[in-house]
Amino acid sequence: MSARTSRRVALVTGAGSGIGASIAAGLGAAGWTVAGIDLHPAPDTALALMLAADVADADAVRTAVSRVEAELGPIDALVSAAGHYAITPVAEITHEQWTRMLRVHLGGLVNSARAVLPSMVERGGGSIVAISSELAIGGGEGEAHYAAAKGAAIGLVRSLAAEFGSRGVRVNAVAPGPTDTPLLAADSPWRAPEYLATLPARRLGRPDEVAAVVQFLLEEGTFCTGEVLSPNCGAVI
Ligand code: NAD
């Protein structure tokens, strides 16, 4: 078997920063061949392939997936981590902000899942993990569009799990609590000592901790599909 076909191939969206970068690094260290897609791909990436694309753009995602398959081989695992965040009272969220939030978080998952599923089905197996948020479960004040988009992603995950389970594809979600990445601005209320003091763990999660949960679902959790694991330092119990 050639080196190209003996290694498992993973595609991580949002691999340029934070949780996605940590997932990509962890999978690489575990022997996966890892490709990334990001709006702002890091130039110094150690990934096998790093491509610039907006996950909200279905054509761009299809093109990127075709290139990954051509250069690295069939994709065994997809992790959909690309995303942005904003705190805005619901009455002030513009139509464009609602649309963009849904197009990136729900649309990005739809676009990347639909691009990788045909080959996974053809080969009889694969695994998809979507990064949702604990806000999809608990809701959040001033975060309606973000929480709604992340909740919709969970509905999609469960539906894909039901539709593709018999064809060997597992689909799960990881819904982290506040995690120490550039997504949370330095003055974010999620970083405030008064907020952290309310958490059972008294701290933010780390991206490598979220990455470990994703890696568990990809490598060991073969009994998990349609599942939502929420590592959140006790923010939602
Ligand atoms: P981050 O800002 O560090 O990384 C997000 C990455 O996604 C960036 O590299 C960015 O360029 C990329 N990206 C954003 N929009 C994109 C698009 N349309 N197309 C392609 N790439 C795009 O943030 P993070 O904290 O690592 O977030 C990763 C995921 O985890 C996001 O989906 C986020 O919503 C989710 N999440 C984060 C937290 C947290 O507290 N950090 C908590 C729960 C869920």
# chains A, B, ... in the order shown; residues from 1 in each chain; ligands from 1
>>> residues_near_ligand(ligand="ligand 1", cutoff="7 Å", atoms="only C-alpha atoms and all ligand atoms", output="MDAnalysis selection string")
chainID A and resid 13:20 37:41 53:56 81:85 104:105 131:134 175:184
>>> residues_around(residues="A:Ala201", least_positions_apart="2", cutoff="10 Å", atoms="only C-alpha atoms", output="list in words")
Leu196, Ala197, Thr198, Leu199, Arg203, Leu204, Gly205, Asn232, Cys233, Gly234 and Ala235 of chain A
>>> residues_around(residues="A:Val90", least_positions_apart="5", cutoff="8 Å", atoms="only C-alpha atoms", output="number ranges by chain")
A: 142-145
>>> write_last_selection(atoms="N, CA, C and O atoms", output="mmCIF file, in the first residue's frame")
data_model
loop_
_atom_site.group_PDB
_atom_site.id
_atom_site.type_symbol
_atom_site.label_atom_id
_atom_site.label_comp_id
_atom_site.auth_asym_id
_atom_site.auth_seq_id
_atom_site.Cartn_x
_atom_site.Cartn_y
_atom_site.Cartn_z
ATOM 1 N N GLY A 142 -28.329 38.039 23.783
ATOM 2 C CA GLY A 142 -27.576 38.837 22.814
ATOM 3 C C GLY A 142 -26.854 37.988 21.780
ATOM 4 O O GLY A 142 -25.959 38.473 21.080
ATOM 5 N N GLU A 143 -27.229 36.713 21.687
ATOM 6 C CA GLU A 143 -26.525 35.820 20.753
ATOM 7 C C GLU A 143 -27.501 35.018 19.923
ATOM 8 O O GLU A 143 -27.217 33.869 19.551
ATOM 9 N N ALA A 144 -28.674 35.611 19.607
ATOM 10 C CA ALA A 144 -29.764 34.849 18.989
ATOM 11 C C ALA A 144 -29.355 34.237 17.657
ATOM 12 O O ALA A 144 -29.636 33.058 17.395
ATOM 13 N N HIS A 145 -28.713 35.029 16.786
ATOM 14 C CA HIS A 145 -28.386 34.489 15.452
ATOM 15 C C HIS A 145 -27.321 33.404 15.538
ATOM 16 O O HIS A 145 -27.386 32.404 14.840
#
>>> atom_distance(atom1="atom CA of A:Leu135", atom2="atom CA of A:Arg170")
23.3 Å
>>> closest_residue(among="A:Ile23, A:Leu106, A:Ala86, A:Met50", to="A:Ala185", atoms="only C-alpha atoms")
A:Ala86
>>> atom_distance(atom1="atom CA of A:Gly138", atom2="atom CA of A:Arg158")
17.9 Å
>>> residues_around(residues="A:Trp32", least_positions_apart="6", cutoff="9 Å", atoms="only C-alpha atoms", output="number ranges by chain")
A: 7-10, 24, 26
>>> write_last_selection(atoms="C-alpha atoms", output="compact mmCIF listing (two decimals), in the first residue's frame")
# COMPACT_ATOMS: atom_id res chain seq x y z
CA ARG A 7 -2.91 7.11 5.86
CA ARG A 8 -6.33 8.35 6.79
CA VAL A 9 -7.26 11.73 5.32
CA ALA A 10 -9.07 14.40 7.32
CA ALA A 24 -5.80 19.76 12.63
CA GLY A 26 -3.87 16.85 16.90
>>> select_by_dssp(residues="stretch 117-178 of chain A", states="alpha helix (DSSP H)", output="PyMOL selection string")
chain A and resi 117-123+135-138+144-164
>>> atom_distance(atom1="atom CA of A:Phe223", atom2="atom CA of A:Gly168")
11.5 Å
>>> closest_residue(among="A:Ala147, A:Ala25, A:Ala46, A:Ile87", to="A:Ser188", atoms="only C-alpha atoms")
A:Ile87
>>> closest_residue(among="A:Ile154, A:Ala162, A:Ala136, A:Val12", to="A:Ser112", atoms="only C-alpha atoms")
A:Val12
>>> closest_residue(among="A:Met120, A:Val68, A:Val210, A:Cys224", to="A:Val174", atoms="only C-alpha atoms")
A:Val210
>>> residues_around(residues="A:Asp57", least_positions_apart="5", cutoff="10 Å", atoms="only C-alpha atoms", output="VMD selection string")
chain A and resid 62 103 to 104 107 to 108 111 to 112
>>> closest_residue(among="A:Glu209, A:Glu141, A:Gln97, A:Ala48", to="A:Pro189", atoms="only C-alpha atoms")
A:Glu141
